[in-house]
Structures are given as structure tokens and as C-alpha cells.
file protein-v1.cif (mmCIF, C-alpha atoms)
data_protein
loop_
_atom_site.label_atom_id
_atom_site.label_comp_id
_atom_site.auth_asym_id
_atom_site.auth_seq_id
_atom_site.Cartn_x
_atom_site.Cartn_y
_atom_site.Cartn_z
CA MET C 1 126.52 171.19 113.38
CA LYS C 2 129.02 171.17 110.52
CA ARG C 3 129.52 174.68 109.08
CA ALA C 4 129.89 175.20 105.34
CA LEU C 5 133.17 176.45 103.92
CA ASN C 6 131.53 179.62 102.66
CA PHE C 7 133.17 181.54 99.78
CA ASN C 8 130.00 183.26 98.53
CA ALA C 9 130.41 186.66 96.89
CA GLY C 10 127.49 188.12 98.84
CA PRO C 11 125.57 187.76 100.99
CA ALA C 12 128.73 186.34 102.45
CA ALA C 13 130.14 184.66 105.53
CA LEU C 14 129.62 186.26 108.93
CA PRO C 15 131.99 185.75 111.88
CA GLU C 16 130.89 182.76 113.92
CA ALA C 17 131.36 184.78 117.11
CA VAL C 18 128.82 187.30 115.79
CA LEU C 19 126.29 184.62 114.96
CA ALA C 20 126.75 183.09 118.42
CA LYS C 21 126.24 186.45 120.15
CA ALA C 22 123.13 187.18 118.08
CA LYS C 23 121.74 183.74 118.88
CA LYS C 24 122.23 184.34 122.58
CA GLU C 25 120.41 187.68 122.42
CA MET C 26 117.76 186.67 119.90
CA MET C 27 114.91 186.31 122.39
CA ASN C 28 116.03 188.82 125.00
CA TYR C 29 118.22 191.81 124.13
CA GLN C 30 119.76 193.51 127.18
CA GLY C 31 117.00 192.29 129.50
CA THR C 32 114.19 193.88 127.47
CA GLY C 33 112.35 190.58 127.02
CA MET C 34 112.37 191.31 123.26
CA GLY C 35 114.61 190.58 120.33
CA VAL C 36 116.24 193.50 118.53
CA MET C 37 113.84 193.09 115.60
CA GLU C 38 110.99 193.73 118.03
CA LEU C 39 112.37 196.92 119.55
CA SER C 40 110.92 200.29 118.60
CA HIS C 41 113.41 202.27 116.57
CA ARG C 42 112.51 205.20 118.83
CA SER C 43 113.39 203.26 121.99
CA ASN C 44 116.43 204.08 124.12
CA GLU C 45 117.77 200.59 123.50
CA PHE C 46 117.82 200.96 119.73
CA GLU C 47 119.07 204.54 119.79
CA GLU C 48 121.98 203.21 121.84
CA ILE C 49 122.63 200.54 119.16
CA ASN C 50 122.50 203.20 116.46
CA GLU C 51 124.94 205.48 118.27
CA ARG C 52 127.29 202.69 119.31
CA THR C 53 127.48 201.47 115.72
CA LYS C 54 128.43 204.93 114.48
CA ASN C 55 131.10 205.28 117.16
CA LEU C 56 132.60 201.91 116.23
CA LEU C 57 132.82 203.00 112.59
CA ILE C 58 134.46 206.26 113.64
CA ARG C 59 137.13 204.41 115.61
CA LEU C 60 137.77 201.63 113.09
CA LEU C 61 137.88 203.85 109.99
CA ASP C 62 139.30 206.92 111.75
CA ILE C 63 136.43 209.07 110.48
CA PRO C 64 137.01 212.83 110.93
CA ASP C 65 134.42 215.04 112.63
CA ASP C 66 133.47 216.75 109.37
CA TYR C 67 131.88 213.57 107.96
CA GLU C 68 128.33 212.31 108.51
CA ILE C 69 127.50 208.60 108.86
CA LEU C 70 124.19 207.43 107.44
CA PHE C 71 122.50 204.02 107.68
CA LEU C 72 120.23 203.65 104.66
CA GLN C 73 118.32 200.97 102.78
CA GLY C 74 118.15 199.93 99.13
CA GLY C 75 121.67 198.54 98.87
CA ALA C 76 124.52 200.05 96.88
CA SER C 77 122.23 199.94 93.85
CA LEU C 78 120.06 202.72 95.28
CA GLN C 79 123.21 204.76 95.82
CA PHE C 80 123.83 204.60 92.07
CA SER C 81 120.84 206.97 91.86
CA MET C 82 121.14 208.86 95.15
CA VAL C 83 124.71 209.97 94.49
CA PRO C 84 123.91 211.89 91.29
CA MET C 85 120.54 213.07 92.65
CA ASN C 86 122.34 214.70 95.57
CA LEU C 87 125.74 215.63 94.14
CA LEU C 88 125.32 216.23 90.41
CA VAL C 89 124.91 219.99 90.23
CA GLU C 90 122.65 221.19 87.44
CA GLY C 91 124.66 222.08 84.34
CA SER C 92 127.68 220.04 85.42
CA THR C 93 128.95 216.54 84.66
CA ALA C 94 129.52 213.37 86.68
CA SER C 95 132.67 211.39 85.81
CA TYR C 96 132.90 207.61 86.18
CA VAL C 97 135.82 205.18 85.95
CA LEU C 98 134.56 201.87 84.57
CA THR C 99 136.23 198.81 86.10
CA GLY C 100 133.40 196.29 86.03
CA THR C 101 129.71 195.54 86.04
CA TRP C 102 128.83 197.63 89.10
CA SER C 103 130.54 200.77 87.86
CA GLU C 104 128.72 200.31 84.55
CA LYS C 105 125.41 200.17 86.41
CA ALA C 106 126.33 203.22 88.48
CA LEU C 107 127.07 205.17 85.31
CA LYS C 108 123.82 204.06 83.69
CA GLU C 109 121.77 205.31 86.63
CA ALA C 110 123.65 208.60 86.76
CA GLN C 111 122.88 209.19 83.09
CA LYS C 112 119.18 209.03 83.96
CA VAL C 113 119.69 211.92 86.37
CA GLY C 114 121.97 214.18 84.33
CA ASN C 115 125.10 214.31 82.22
CA ALA C 116 127.51 211.51 83.17
CA VAL C 117 130.61 210.49 81.22
CA ILE C 118 133.35 207.86 81.23
CA ALA C 119 136.60 209.25 82.63
CA ALA C 120 138.56 206.00 82.09
CA SER C 121 137.76 202.34 81.38
CA SER C 122 139.32 198.90 81.12
CA LYS C 123 136.26 197.35 79.46
CA ASN C 124 138.12 196.56 76.23
CA ALA C 125 140.37 194.22 78.23
CA ASN C 126 137.36 192.53 79.89
CA TYR C 127 138.18 194.48 83.04
CA ARG C 128 141.42 192.65 83.78
CA PHE C 129 143.06 195.72 85.27
CA ILE C 130 142.46 199.04 87.01
CA PRO C 131 143.25 202.07 84.83
CA SER C 132 146.19 204.14 86.03
CA THR C 133 145.43 207.52 87.53
CA SER C 134 147.22 209.16 84.60
CA GLU C 135 144.58 207.72 82.25
CA ILE C 136 141.68 209.40 84.05
CA ASP C 137 140.26 212.37 82.16
CA ILE C 138 137.94 214.48 84.29
CA PRO C 139 136.03 217.26 82.49
CA ALA C 140 136.51 220.67 84.07
CA GLU C 141 132.80 221.01 84.79
CA SER C 142 132.55 217.74 86.77
CA SER C 143 130.75 217.61 90.10
CA TYR C 144 132.54 214.44 91.24
CA LEU C 145 134.59 211.41 90.16
CA HIS C 146 133.14 207.96 90.93
CA ILE C 147 135.15 204.75 91.34
CA THR C 148 134.36 201.21 92.51
CA THR C 149 137.24 200.27 94.80
CA ASN C 150 136.87 196.49 94.46
CA ASN C 151 135.27 194.56 91.63
CA THR C 152 133.75 191.31 92.84
CA ILE C 153 133.03 189.84 89.42
CA PHE C 154 136.41 190.43 87.80
CA GLY C 155 138.62 190.18 90.88
CA THR C 156 140.34 193.56 90.62
CA GLN C 157 140.93 196.27 93.21
CA TRP C 158 142.22 199.81 93.38
CA HIS C 159 145.55 199.81 95.25
CA SER C 160 146.31 203.47 94.56
CA ILE C 161 143.38 205.87 94.40
CA PRO C 162 143.24 209.18 92.51
CA GLU C 163 144.42 211.96 94.81
CA ARG C 164 144.63 215.77 94.86
CA LEU C 165 141.55 215.98 92.67
CA SER C 166 139.76 219.21 91.87
CA VAL C 167 136.42 217.45 92.48
CA PRO C 168 135.13 215.20 95.29
CA LEU C 169 135.99 211.50 94.98
CA VAL C 170 132.99 209.17 95.42
CA ALA C 171 133.61 205.46 95.98
CA ASP C 172 131.49 202.33 96.04
CA MET C 173 133.31 200.28 98.70
CA SER C 174 130.69 197.57 99.07
CA SER C 175 133.12 194.69 98.75
CA ASP C 176 136.28 195.94 100.46
CA ILE C 177 135.26 198.42 103.16
CA LEU C 178 136.86 197.56 106.52
CA SER C 179 139.36 195.25 104.79
CA ARG C 180 142.25 197.74 104.91
CA PRO C 181 142.97 201.21 106.30
CA LEU C 182 141.81 204.18 104.25
CA ASN C 183 142.45 207.89 104.32
CA LEU C 184 138.89 209.10 104.40
CA SER C 185 139.91 212.71 103.84
CA SER C 186 140.72 211.69 100.23
CA TYR C 187 137.01 211.02 99.64
CA GLY C 188 133.94 213.20 99.49
CA LEU C 189 131.59 210.25 99.91
CA ILE C 190 131.87 206.48 100.26
CA TYR C 191 129.07 203.95 100.36
CA ALA C 192 128.85 200.22 100.97
CA GLY C 193 126.17 197.57 101.06
CA ALA C 194 126.77 195.59 104.26
CA GLN C 195 126.42 192.05 102.96
CA LYS C 196 130.07 191.35 102.19
CA ASN C 197 132.28 192.79 104.95
CA LEU C 198 129.97 194.58 107.37
CA GLY C 199 127.05 192.30 108.17
CA PRO C 200 123.90 190.87 106.59
CA SER C 201 122.03 192.47 103.71
CA GLY C 202 119.55 195.22 104.51
CA VAL C 203 121.66 198.20 105.57
CA THR C 204 123.87 200.44 103.46
CA VAL C 205 126.53 202.60 105.08
CA VAL C 206 127.09 206.06 103.58
CA ILE C 207 129.88 208.30 104.87
CA ILE C 208 129.68 211.81 103.40
CA HIS C 209 131.60 215.03 103.97
CA LYS C 210 129.24 217.47 105.62
CA ASP C 211 129.97 220.17 103.03
CA LEU C 212 128.43 217.95 100.35
CA LEU C 213 125.12 217.81 102.20
CA ARG C 214 124.53 221.37 101.01
CA HIS C 215 124.36 220.06 97.43
CA SER C 216 121.23 218.03 98.14
CA ARG C 217 118.41 219.68 96.25
CA PRO C 218 115.35 220.64 98.34
CA GLY C 219 113.00 219.28 95.67
CA LEU C 220 114.23 215.72 96.10
CA PRO C 221 111.87 213.14 97.63
CA SER C 222 112.71 213.00 101.32
CA MET C 223 113.79 209.36 101.26
CA LEU C 224 116.35 210.15 98.52
CA ASN C 225 117.82 213.22 100.21
CA TYR C 226 121.05 212.76 102.17
CA ARG C 227 120.41 215.92 104.19
CA VAL C 228 117.05 214.59 105.43
CA HIS C 229 118.68 211.39 106.69
CA ALA C 230 121.59 213.29 108.24
CA ASP C 231 119.28 215.69 110.07
CA SER C 232 117.30 212.77 111.52
CA GLN C 233 120.34 210.67 112.52
CA SER C 234 119.27 207.95 110.04
CA LEU C 235 115.94 207.66 111.87
CA TYR C 236 113.72 209.56 109.41
CA ASN C 237 111.76 206.34 108.85
CA THR C 238 111.97 202.89 110.40
CA PRO C 239 115.55 201.78 109.70
CA PRO C 240 116.67 198.15 109.15
CA THR C 241 117.07 197.63 112.88
CA LEU C 242 118.22 194.01 112.83
CA SER C 243 120.82 194.67 110.12
CA ILE C 244 122.21 197.65 112.04
CA TYR C 245 122.43 195.49 115.15
CA PHE C 246 124.40 192.86 113.21
CA LEU C 247 126.58 195.64 111.80
CA MET C 248 127.34 196.68 115.38
CA LEU C 249 128.30 193.12 116.31
CA VAL C 250 130.59 192.75 113.29
CA LEU C 251 132.31 196.05 114.10
CA GLN C 252 132.78 194.95 117.72
CA TRP C 253 134.29 191.69 116.45
CA ALA C 254 136.65 193.61 114.15
CA GLU C 255 137.75 195.89 116.96
CA GLU C 256 138.38 192.98 119.32
CA LEU C 257 140.40 191.25 116.59
CA GLY C 258 142.77 194.20 116.43
CA GLY C 259 141.12 196.61 114.02
CA VAL C 260 141.48 197.28 110.33
CA LYS C 261 145.27 196.93 110.20
CA GLN C 262 145.03 193.42 111.62
CA LEU C 263 142.24 192.56 109.18
CA GLU C 264 144.41 193.80 106.31
CA GLN C 265 147.27 191.53 107.33
CA LEU C 266 144.95 188.53 107.54
CA ASN C 267 143.43 189.36 104.16
CA LYS C 268 146.85 189.65 102.55
CA GLN C 269 147.81 186.30 104.03
CA LYS C 270 144.65 184.62 102.74
CA ALA C 271 144.97 186.10 99.26
CA ALA C 272 148.66 185.16 99.02
CA LEU C 273 147.80 181.51 99.64
CA LEU C 274 145.29 181.41 96.79
CA TYR C 275 147.35 183.42 94.31
CA ASP C 276 150.33 181.16 95.01
CA ALA C 277 148.19 178.10 94.27
CA ILE C 278 147.23 179.71 90.95
CA ASP C 279 150.68 181.00 89.99
CA SER C 280 152.50 177.79 90.90
CA SER C 281 150.06 175.55 89.01
CA GLY C 282 151.98 175.68 85.73
CA GLY C 283 148.96 177.10 83.90
CA PHE C 284 146.45 174.60 85.29
CA TYR C 285 144.76 177.58 86.95
CA THR C 286 144.85 181.00 85.27
CA GLY C 287 144.05 184.18 87.14
CA HIS C 288 141.73 186.64 85.42
CA ALA C 289 143.10 189.87 86.90
CA GLU C 290 146.49 191.31 86.01
CA GLU C 291 148.87 190.94 88.93
CA LYS C 292 149.14 194.66 89.75
CA SER C 293 145.33 194.93 90.00
CA ARG C 294 144.56 191.72 91.90
CA SER C 295 141.88 191.90 94.54
CA LEU C 296 142.46 190.82 98.13
CA MET C 297 138.74 190.08 98.44
CA ASN C 298 137.73 188.16 95.31
CA ILE C 299 140.17 185.75 93.67
CA THR C 300 139.03 184.87 90.14
CA PHE C 301 140.56 182.10 88.03
CA THR C 302 139.76 179.75 85.17
CA LEU C 303 140.66 176.20 84.21
CA ASP C 304 141.41 174.83 80.73
CA ASP C 305 137.86 173.94 79.69
CA ASP C 306 134.25 173.82 80.85
CA ASN C 307 134.33 170.10 81.66
CA LEU C 308 137.31 170.51 83.97
CA THR C 309 135.67 173.55 85.58
CA SER C 310 132.47 171.57 86.17
CA SER C 311 134.43 168.75 87.75
CA PHE C 312 136.30 171.19 89.99
CA LEU C 313 133.11 172.86 91.20
CA HIS C 314 131.31 169.54 91.72
CA GLU C 315 134.15 168.02 93.73
CA ALA C 316 134.56 171.25 95.70
CA GLU C 317 130.90 171.24 96.69
CA GLU C 318 131.14 167.59 97.66
CA SER C 319 134.01 168.58 99.94
CA GLY C 320 131.96 171.31 101.62
CA PHE C 321 133.10 174.39 99.67
CA ILE C 322 130.25 176.75 98.78
CA GLY C 323 130.06 179.67 96.34
CA LEU C 324 133.08 178.99 94.10
CA ALA C 325 131.40 179.32 90.71
CA GLY C 326 132.56 182.39 88.80
CA HIS C 327 130.18 185.03 87.48
CA ARG C 328 128.89 184.41 83.97
CA SER C 329 130.77 187.51 82.74
CA VAL C 330 134.09 185.81 83.42
CA GLY C 331 133.27 182.13 83.86
CA GLY C 332 135.59 179.83 85.73
CA CYS C 333 135.80 180.14 89.49
CA ARG C 334 135.81 182.77 92.18
CA ALA C 335 136.75 182.56 95.85
CA SER C 336 135.48 185.49 97.91
CA ILE C 337 137.59 185.78 101.04
CA TYR C 338 136.05 188.69 102.92
CA ASN C 339 137.02 189.55 106.49
CA ALA C 340 134.88 186.87 108.11
CA VAL C 341 136.29 183.98 106.03
CA PRO C 342 138.74 182.21 108.38
CA LEU C 343 142.34 181.65 107.32
CA GLU C 344 141.80 177.96 108.07
CA ASN C 345 139.10 177.74 105.38
CA VAL C 346 141.41 179.34 102.81
CA GLU C 347 144.14 176.87 103.72
CA LYS C 348 141.66 174.04 103.13
CA LEU C 349 140.72 175.49 99.74
CA THR C 350 144.33 175.78 98.59
CA ASP C 351 144.93 172.18 99.69
CA PHE C 352 141.90 171.14 97.65
CA MET C 353 143.11 173.10 94.61
CA ASN C 354 146.54 171.50 94.77
CA SER C 355 145.01 168.06 95.23
CA PHE C 356 142.60 168.51 92.31
CA ARG C 357 145.44 169.65 90.08
CA GLY C 358 147.46 166.61 91.07
CA ARG C 359 144.60 164.27 90.13
CA ASN C 360 143.89 165.96 86.80
#

call {"tool": "encode", "arguments": {"input": "protein-v1.cif", "output": "C-alpha cells"}}
result
Amino acid sequence: MKRALNFNAGPAALPEAVLAKAKKEMMNYQGTGMGVMELSHRSNEFEEINERTKNLLIRLLDIPDDYEILFLQGGASLQFSMVPMNLLVEGSTASYVLTGTWSEKALKEAQKVGNAVIAASSKNANYRFIPSTSEIDIPAESSYLHITTNNTIFGTQWHSIPERLSVPLVADMSSDILSRPLNLSSYGLIYAGAQKNLGPSGVTVVIIHKDLLRHSRPGLPSMLNYRVHADSQSLYNTPPTLSIYFLMLVLQWAEELGGVKQLEQLNKQKAALLYDAIDSSGGFYTGHAEEKSRSLMNITFTLDDDNLTSSFLHEAEESGFIGLAGHRSVGGCRASIYNAVPLENVEKLTDFMNSFRGRN
């Protein structure tokens, strides 16, 4: 079978080794005579998957003991509501840095819960850059500061996060978690939908400092309360068992590859190839993001006009490249090169870009 050259923004490519392992175990996991999706979430076999997955995250992300790992549902979009429901103390403010569509949506949901304000924004520049930390204005009464570490639509990424804050830092890491090392002690809470770097859609990883669990209000619905999920080891209700299993396999693959530092080096190598093809094109391709804010996960670029863009996308699809159309907010093209996208596929894409430029 010929595999697609998958550059989708999400759900995105999964490692072929993970897909092969899942295929092998699909009908019979660990001699149970059942697939993972058939196992009871109260069974020893699934509890082992749940615990093993947490331990892999602890090792790969160097998670300290004073953080809780939760496996939830509803995607990052549900976290836009759960974060303020659990962390926005009554009478205080939530502060948001706007760097793209997803941070806008997070702010909008927070404003339904309580008082939420913009601490900094690059919207006037069509989100071409990440605001500097000196531009961030956090009201004294804030409960937390929220950022989106990587912006899939606009192709920007935080390369230096706000530090030594007087409030907890909350981060949506849906599109760059596990792509580079992070100092988790700089964050109060991080969350990530799995479908870009961690596995298939269906599970959302939340890593929260245990002190913040005390902020969860007792009147919250149980399914929206971090403390309820923490107390039940993410087994309060039936979890997305198959997605957690795939998450485990992806984390095992990452560990066998050499861990997060090795993934970071590969991601830098892949991104450098594409940015070089853009920068050396003499203006044929134009990157959307300012150089200092460029993402290592989502490379966004435009061509001179819509007809040329249509030709590029058509010929790319004919050549086996999938998912290169840019989001309507930016137009043009976007190559998402998450952890599971092989270097070889990026090399093929840069060859295609250079060839297309030569013909046009």
C-alpha cells in the first residue's frame, strides 16, 4: 500500500510503527482475546495502560511529583471553559495573550465564565508575530495568564515564555507538546488535544500543579471539575480507552527514538528545510510569520496569486502530498510537520516546491 505524504494540521500523521503495532494487537491485546476498545476500563489490563501512559509522560516531559496528569475528553476546546471554571477565582480576572484563532476562542469562553481580559495581542498584524514578554500587561487581580504556545493557523510559536510571573501560567500546547523540552515548573497548567503530536483525536492531556486543584469550586458539575478527575485517576467515567492506548504507543515510540531532545533536533531539521525553500525562492514563496516567531510545527506561506496557489495545491495533491492548503484566515499554503512526519517526506516536499518554482 502506498502511504500518503500527510501534512494535515490535525488530525495529523501518526508514526507508521505505532499503526503497525496497533494493527498487530487490534484483535488480541496481550492475550486477552479482545481489542483494547473492548476492554473494560476497570480491568487490570486497561488500568495498566492508563498507568504506563502516565509514567511515559512523566519520563518524557520530566514532570515533577507535584503535578497531576489527567486524561480527559472534549478536546482543547472544552479546556477553554474548564480552565476558567476551575481557576478563575470569583472577583478576580483571567488574562489572555492573543496570538491567533485558538487563543481568541479561549478568551471568548473565559468571558462567559467571569472577567477575562487581553494582556497582549498581535491581532492588528494578522498574528504574524508573538508579542514580547515586555508587552504583556497582567492586572494585579489576575488568577492566571493564558498563552497558546503554537499557532497552527498562522504558523507562529512562542520561543521564550513569560517567566517569574506573580500568577500561574496556563498554556494550550495542543500543537507543539512533546516537540521540544519544556520546564514544566514554569507552568501552573498545560493542556493538549492529542491529535497533532500525541495520538489520534479523542483524548486531551491536562497536566496541572496539585496546588491549583484546590481552586476547583465544589459546585461545578463533576465532569468539569479537575479535582474529581484527579481523585479518580481519570477514571471517573468511561475514558477514551482506544485513544489513551494510542497515546501510550506514541509515547513509547518517542522514547525509543531518543526522547524529546531528539524529536526537537529532527523538528528543527525539518523546519529548516522548508524555511530555506521559502527564503531562497526570491519572493516566489512568502512566509506569513515573522522570522523570530516562526513555528517549527506549522510552516505557512503564500504565493503571488490565487491561480498560482491553486496550481501548486493541485499539482502537490497529484504528487501525493495531502493537507497543504492554508487556513482561510491566512490563505496560501501550510505544511504541518509534527513529530510523526518523517524527514524524508519533508525532503520530498522541498524538492517539489523547488521544482514547481522552476516551472513557474

call {"tool": "closest_atom_pairs", "arguments": {"input": "protein-v1.cif", "of": "stretch 272-299 of chain C", "to": "stretch 123-144 of chain C", "cutoff": "10 Å", "atoms": "all atoms listed in the file", "output": "JSON lines"}}
result
{"residue": "C:Gly287", "atom": "CA", "partner": "C:Arg128", "partner_atom": "CA", "distance": 9.5}
{"residue": "C:His288", "atom": "CA", "partner": "C:Arg128", "partner_atom": "CA", "distance": 6.2}
{"residue": "C:Ala289", "atom": "CA", "partner": "C:Arg128", "partner_atom": "CA", "distance": 4.5}
{"residue": "C:Glu290", "atom": "CA", "partner": "C:Phe129", "partner_atom": "CA", "distance": 5.6}
{"residue": "C:Glu291", "atom": "CA", "partner": "C:Phe129", "partner_atom": "CA", "distance": 8.4}
{"residue": "C:Lys292", "atom": "CA", "partner": "C:Phe129", "partner_atom": "CA", "distance": 7.6}
{"residue": "C:Ser293", "atom": "CA", "partner": "C:Phe129", "partner_atom": "CA", "distance": 5.3}
{"residue": "C:Arg294", "atom": "CA", "partner": "C:Phe129", "partner_atom": "CA", "distance": 7.9}

call {"tool": "write_last_selection", "arguments": {"input": "protein-v1.cif", "atoms": "C-alpha atoms", "output": "PDB file, in the frame of the given file"}}
result
ATOM      1  CA  GLY C 287     144.050 184.180  87.140  1.00  0.00           C
ATOM      2  CA  HIS C 288     141.730 186.640  85.420  1.00  0.00           C
ATOM      3  CA  ALA C 289     143.100 189.870  86.900  1.00  0.00           C
ATOM      4  CA  GLU C 290     146.490 191.310  86.010  1.00  0.00           C
ATOM      5  CA  GLU C 291     148.870 190.940  88.930  1.00  0.00           C
ATOM      6  CA  LYS C 292     149.140 194.660  89.750  1.00  0.00           C
ATOM      7  CA  SER C 293     145.330 194.930  90.000  1.00  0.00           C
ATOM      8  CA  ARG C 294     144.560 191.720  91.900  1.00  0.00           C
TER       9      ARG C 294
END

call {"tool": "residues_near_point", "arguments": {"input": "protein-v1.cif", "point": "(146.4, 183.1, 103.1)", "cutoff": "9 Å", "atoms": "all atoms listed in the file", "output": "count of residues only"}}
result
15

call {"tool": "residues_near_point", "arguments": {"input": "protein-v1.cif", "point": "(138.8, 200.9, 95.7)", "cutoff": "9 Å", "atoms": "all atoms listed in the file", "output": "MDAnalysis selection string"}}
result
chainID C and resid 147:151 157:161 171:173 175:177

call {"tool": "resolve_selection", "arguments": {"input": "protein-v1.cif", "expression": "the PyMOL selection byres ((chain C and resi 305) around 12)", "output": "ChimeraX atom specification"}}
result
/C:284-286,301-304,306-312,331-333

call {"tool": "atom_distance", "arguments": {"input": "protein-v1.cif", "atom1": "atom CA of C:Asp231", "atom2": "atom CA of C:Asn197"}}
result
26.8 Å

call {"tool": "closest_residue", "arguments": {"input": "protein-v1.cif", "among": "C:Gln233, C:Ser243, C:Asn6, C:Ser92", "to": "C:Ala194", "atoms": "all atoms listed in the file"}}
result
C:Ser243

call {"tool": "atom_distance", "arguments": {"input": "protein-v1.cif", "atom1": "atom CA of C:Phe154", "atom2": "atom CA of C:Gly74"}}
result
23.5 Å

call {"tool": "residues_around", "arguments": {"input": "protein-v1.cif", "residues": "C:Asn345", "least_positions_apart": "6", "cutoff": "12 Å", "atoms": "all atoms listed in the file", "output": "list in words"}}
result
Arg3, Ala4, Leu5, Asn6, Phe7, Ala13, Lys270, Ala271, Leu273, Leu274, Ser319, Gly320, Phe321, Ile322, Ala335, Ser336, Ile337, Tyr338, Asp351 and Phe352 of chain C

call {"tool": "atom_distance", "arguments": {"input": "protein-v1.cif", "atom1": "atom CA of C:Lys108", "atom2": "atom CA of C:Leu78"}}
result
12.3 Å

call {"tool": "resolve_selection", "arguments": {"input": "protein-v1.cif", "expression": "the PyMOL selection byres ((chain C and resi 14-30) around 7)", "output": "VMD selection string"}}
result
chain C and resid 12 to 13 31 to 36 199 249 to 250 340

call {"tool": "closest_residue", "arguments": {"input": "protein-v1.cif", "among": "C:Leu251, C:Ala119, C:Ile207, C:Val83", "to": "C:Thr99", "atoms": "all atoms listed in the file"}}
result
C:Ala119

call {"tool": "resolve_selection", "arguments": {"input": "protein-v1.cif", "expression": "the PyMOL selection byres ((chain C and resi 248) around 9)", "output": "list in words"}}
result
Ile49, Asn50, Arg52, Thr53, Lys54, Leu56, Leu57, Leu198, Gly199, Ser243, Ile244, Tyr245, Phe246, Leu247, Leu249, Val250, Leu251, Gln252 and Trp253 of chain C

call {"tool": "closest_residue", "arguments": {"input": "protein-v1.cif", "among": "C:Gly202, C:Ala192, C:Tyr96, C:His314", "to": "C:Leu242", "atoms": "all atoms listed in the file"}}
result
C:Gly202

call {"tool": "closest_residue", "arguments": {"input": "protein-v1.cif", "among": "C:Thr152, C:Asn44, C:Gln195, C:Ser185", "to": "C:Asp66", "atoms": "all atoms listed in the file"}}
result
C:Ser185

call {"tool": "closest_residue", "arguments": {"input": "protein-v1.cif", "among": "C:Ser232, C:Glu315, C:Met37, C:Ser216", "to": "C:Ser355", "atoms": "only C-alpha atoms"}}
result
C:Glu315

call {"tool": "closest_residue", "arguments": {"input": "protein-v1.cif", "among": "C:Leu313, C:Val228, C:Ile208, C:Val89", "to": "C:Asn115", "atoms": "only C-alpha atoms"}}
result
C:Val89

call {"tool": "axis_aligned_box", "arguments": {"input": "protein-v1.cif", "around": "stretch 10-16 of chain C", "padding_each_side": "6 Å", "output": "AutoDock Vina command-line options"}}
result
--center_x 128.8 --center_y 185.4 --center_z 106.4 --size_x 18.4 --size_y 17.4 --size_z 27.1

call {"tool": "build_atoms", "arguments": {"input": "protein-v1.cif", "residues": "stretch 5-20 of chain C", "atoms": "N, CA, C and O atoms", "output": "PDB file, in the frame of the given file"}}
result
ATOM      1  N   LEU C   5     131.996 175.656 104.257  1.00  0.00           N
ATOM      2  CA  LEU C   5     133.170 176.450 103.920  1.00  0.00           C
ATOM      3  C   LEU C   5     132.695 177.494 102.904  1.00  0.00           C
ATOM      4  O   LEU C   5     132.674 177.257 101.700  1.00  0.00           O
ATOM      5  N   ASN C   6     132.304 178.650 103.414  1.00  0.00           N
ATOM      6  CA  ASN C   6     131.530 179.620 102.660  1.00  0.00           C
ATOM      7  C   ASN C   6     132.428 180.631 101.943  1.00  0.00           C
ATOM      8  O   ASN C   6     133.082 181.462 102.575  1.00  0.00           O
ATOM      9  N   PHE C   7     132.420 180.577 100.608  1.00  0.00           N
ATOM     10  CA  PHE C   7     133.170 181.540  99.780  1.00  0.00           C
ATOM     11  C   PHE C   7     132.221 182.330  98.879  1.00  0.00           C
ATOM     12  O   PHE C   7     132.614 182.792  97.808  1.00  0.00           O
ATOM     13  N   ASN C   8     130.982 182.505  99.317  1.00  0.00           N
ATOM     14  CA  ASN C   8     130.000 183.260  98.530  1.00  0.00           C
ATOM     15  C   ASN C   8     130.434 184.704  98.363  1.00  0.00           C
ATOM     16  O   ASN C   8     131.017 185.312  99.259  1.00  0.00           O
ATOM     17  N   ALA C   9     130.043 185.277  97.197  1.00  0.00           N
ATOM     18  CA  ALA C   9     130.410 186.660  96.890  1.00  0.00           C
ATOM     19  C   ALA C   9     129.515 187.662  97.616  1.00  0.00           C
ATOM     20  O   ALA C   9     129.851 188.841  97.704  1.00  0.00           O
ATOM     21  N   GLY C  10     128.380 187.246  98.090  1.00  0.00           N
ATOM     22  CA  GLY C  10     127.490 188.120  98.840  1.00  0.00           C
ATOM     23  C   GLY C  10     126.028 187.811  98.546  1.00  0.00           C
ATOM     24  O   GLY C  10     125.695 187.695  97.377  1.00  0.00           O
ATOM     25  N   PRO C  11     125.189 187.706  99.589  1.00  0.00           N
ATOM     26  CA  PRO C  11     125.570 187.760 100.990  1.00  0.00           C
ATOM     27  C   PRO C  11     126.642 186.722 101.323  1.00  0.00           C
ATOM     28  O   PRO C  11     126.658 185.629 100.750  1.00  0.00           O
ATOM     29  N   ALA C  12     127.515 187.112 102.213  1.00  0.00           N
ATOM     30  CA  ALA C  12     128.730 186.340 102.450  1.00  0.00           C
ATOM     31  C   ALA C  12     128.806 185.867 103.895  1.00  0.00           C
ATOM     32  O   ALA C  12     127.897 186.087 104.695  1.00  0.00           O
ATOM     33  N   ALA C  13     129.929 185.223 104.203  1.00  0.00           N
ATOM     34  CA  ALA C  13     130.140 184.660 105.530  1.00  0.00           C
ATOM     35  C   ALA C  13     130.110 185.757 106.602  1.00  0.00           C
ATOM     36  O   ALA C  13     130.561 186.878 106.374  1.00  0.00           O
ATOM     37  N   LEU C  14     129.564 185.409 107.748  1.00  0.00           N
ATOM     38  CA  LEU C  14     129.620 186.260 108.930  1.00  0.00           C
ATOM     39  C   LEU C  14     130.502 185.593 109.972  1.00  0.00           C
ATOM     40  O   LEU C  14     130.601 184.351 110.006  1.00  0.00           O
ATOM     41  N   PRO C  15     131.163 186.362 110.829  1.00  0.00           N
ATOM     42  CA  PRO C  15     131.990 185.750 111.880  1.00  0.00           C
ATOM     43  C   PRO C  15     131.137 184.851 112.776  1.00  0.00           C
ATOM     44  O   PRO C  15     130.040 185.235 113.186  1.00  0.00           O
ATOM     45  N   GLU C  16     131.652 183.685 113.079  1.00  0.00           N
ATOM     46  CA  GLU C  16     130.890 182.760 113.920  1.00  0.00           C
ATOM     47  C   GLU C  16     130.619 183.357 115.295  1.00  0.00           C
ATOM     48  O   GLU C  16     129.565 183.112 115.888  1.00  0.00           O
ATOM     49  N   ALA C  17     131.556 184.151 115.797  1.00  0.00           N
ATOM     50  CA  ALA C  17     131.360 184.780 117.110  1.00  0.00           C
ATOM     51  C   ALA C  17     130.168 185.741 117.078  1.00  0.00           C
ATOM     52  O   ALA C  17     129.432 185.868 118.062  1.00  0.00           O
ATOM     53  N   VAL C  18     129.964 186.394 115.945  1.00  0.00           N
ATOM     54  CA  VAL C  18     128.820 187.300 115.790  1.00  0.00           C
ATOM     55  C   VAL C  18     127.519 186.525 115.777  1.00  0.00           C
ATOM     56  O   VAL C  18     126.539 186.906 116.428  1.00  0.00           O
ATOM     57  N   LEU C  19     127.499 185.440 115.025  1.00  0.00           N
ATOM     58  CA  LEU C  19     126.290 184.620 114.960  1.00  0.00           C
ATOM     59  C   LEU C  19     125.947 184.043 116.341  1.00  0.00           C
ATOM     60  O   LEU C  19     124.779 183.989 116.728  1.00  0.00           O
ATOM     61  N   ALA C  20     126.973 183.643 117.089  1.00  0.00           N
ATOM     62  CA  ALA C  20     126.750 183.090 118.420  1.00  0.00           C
ATOM     63  C   ALA C  20     126.190 184.148 119.373  1.00  0.00           C
ATOM     64  O   ALA C  20     125.269 183.873 120.168  1.00  0.00           O
TER      65      ALA C  20
END
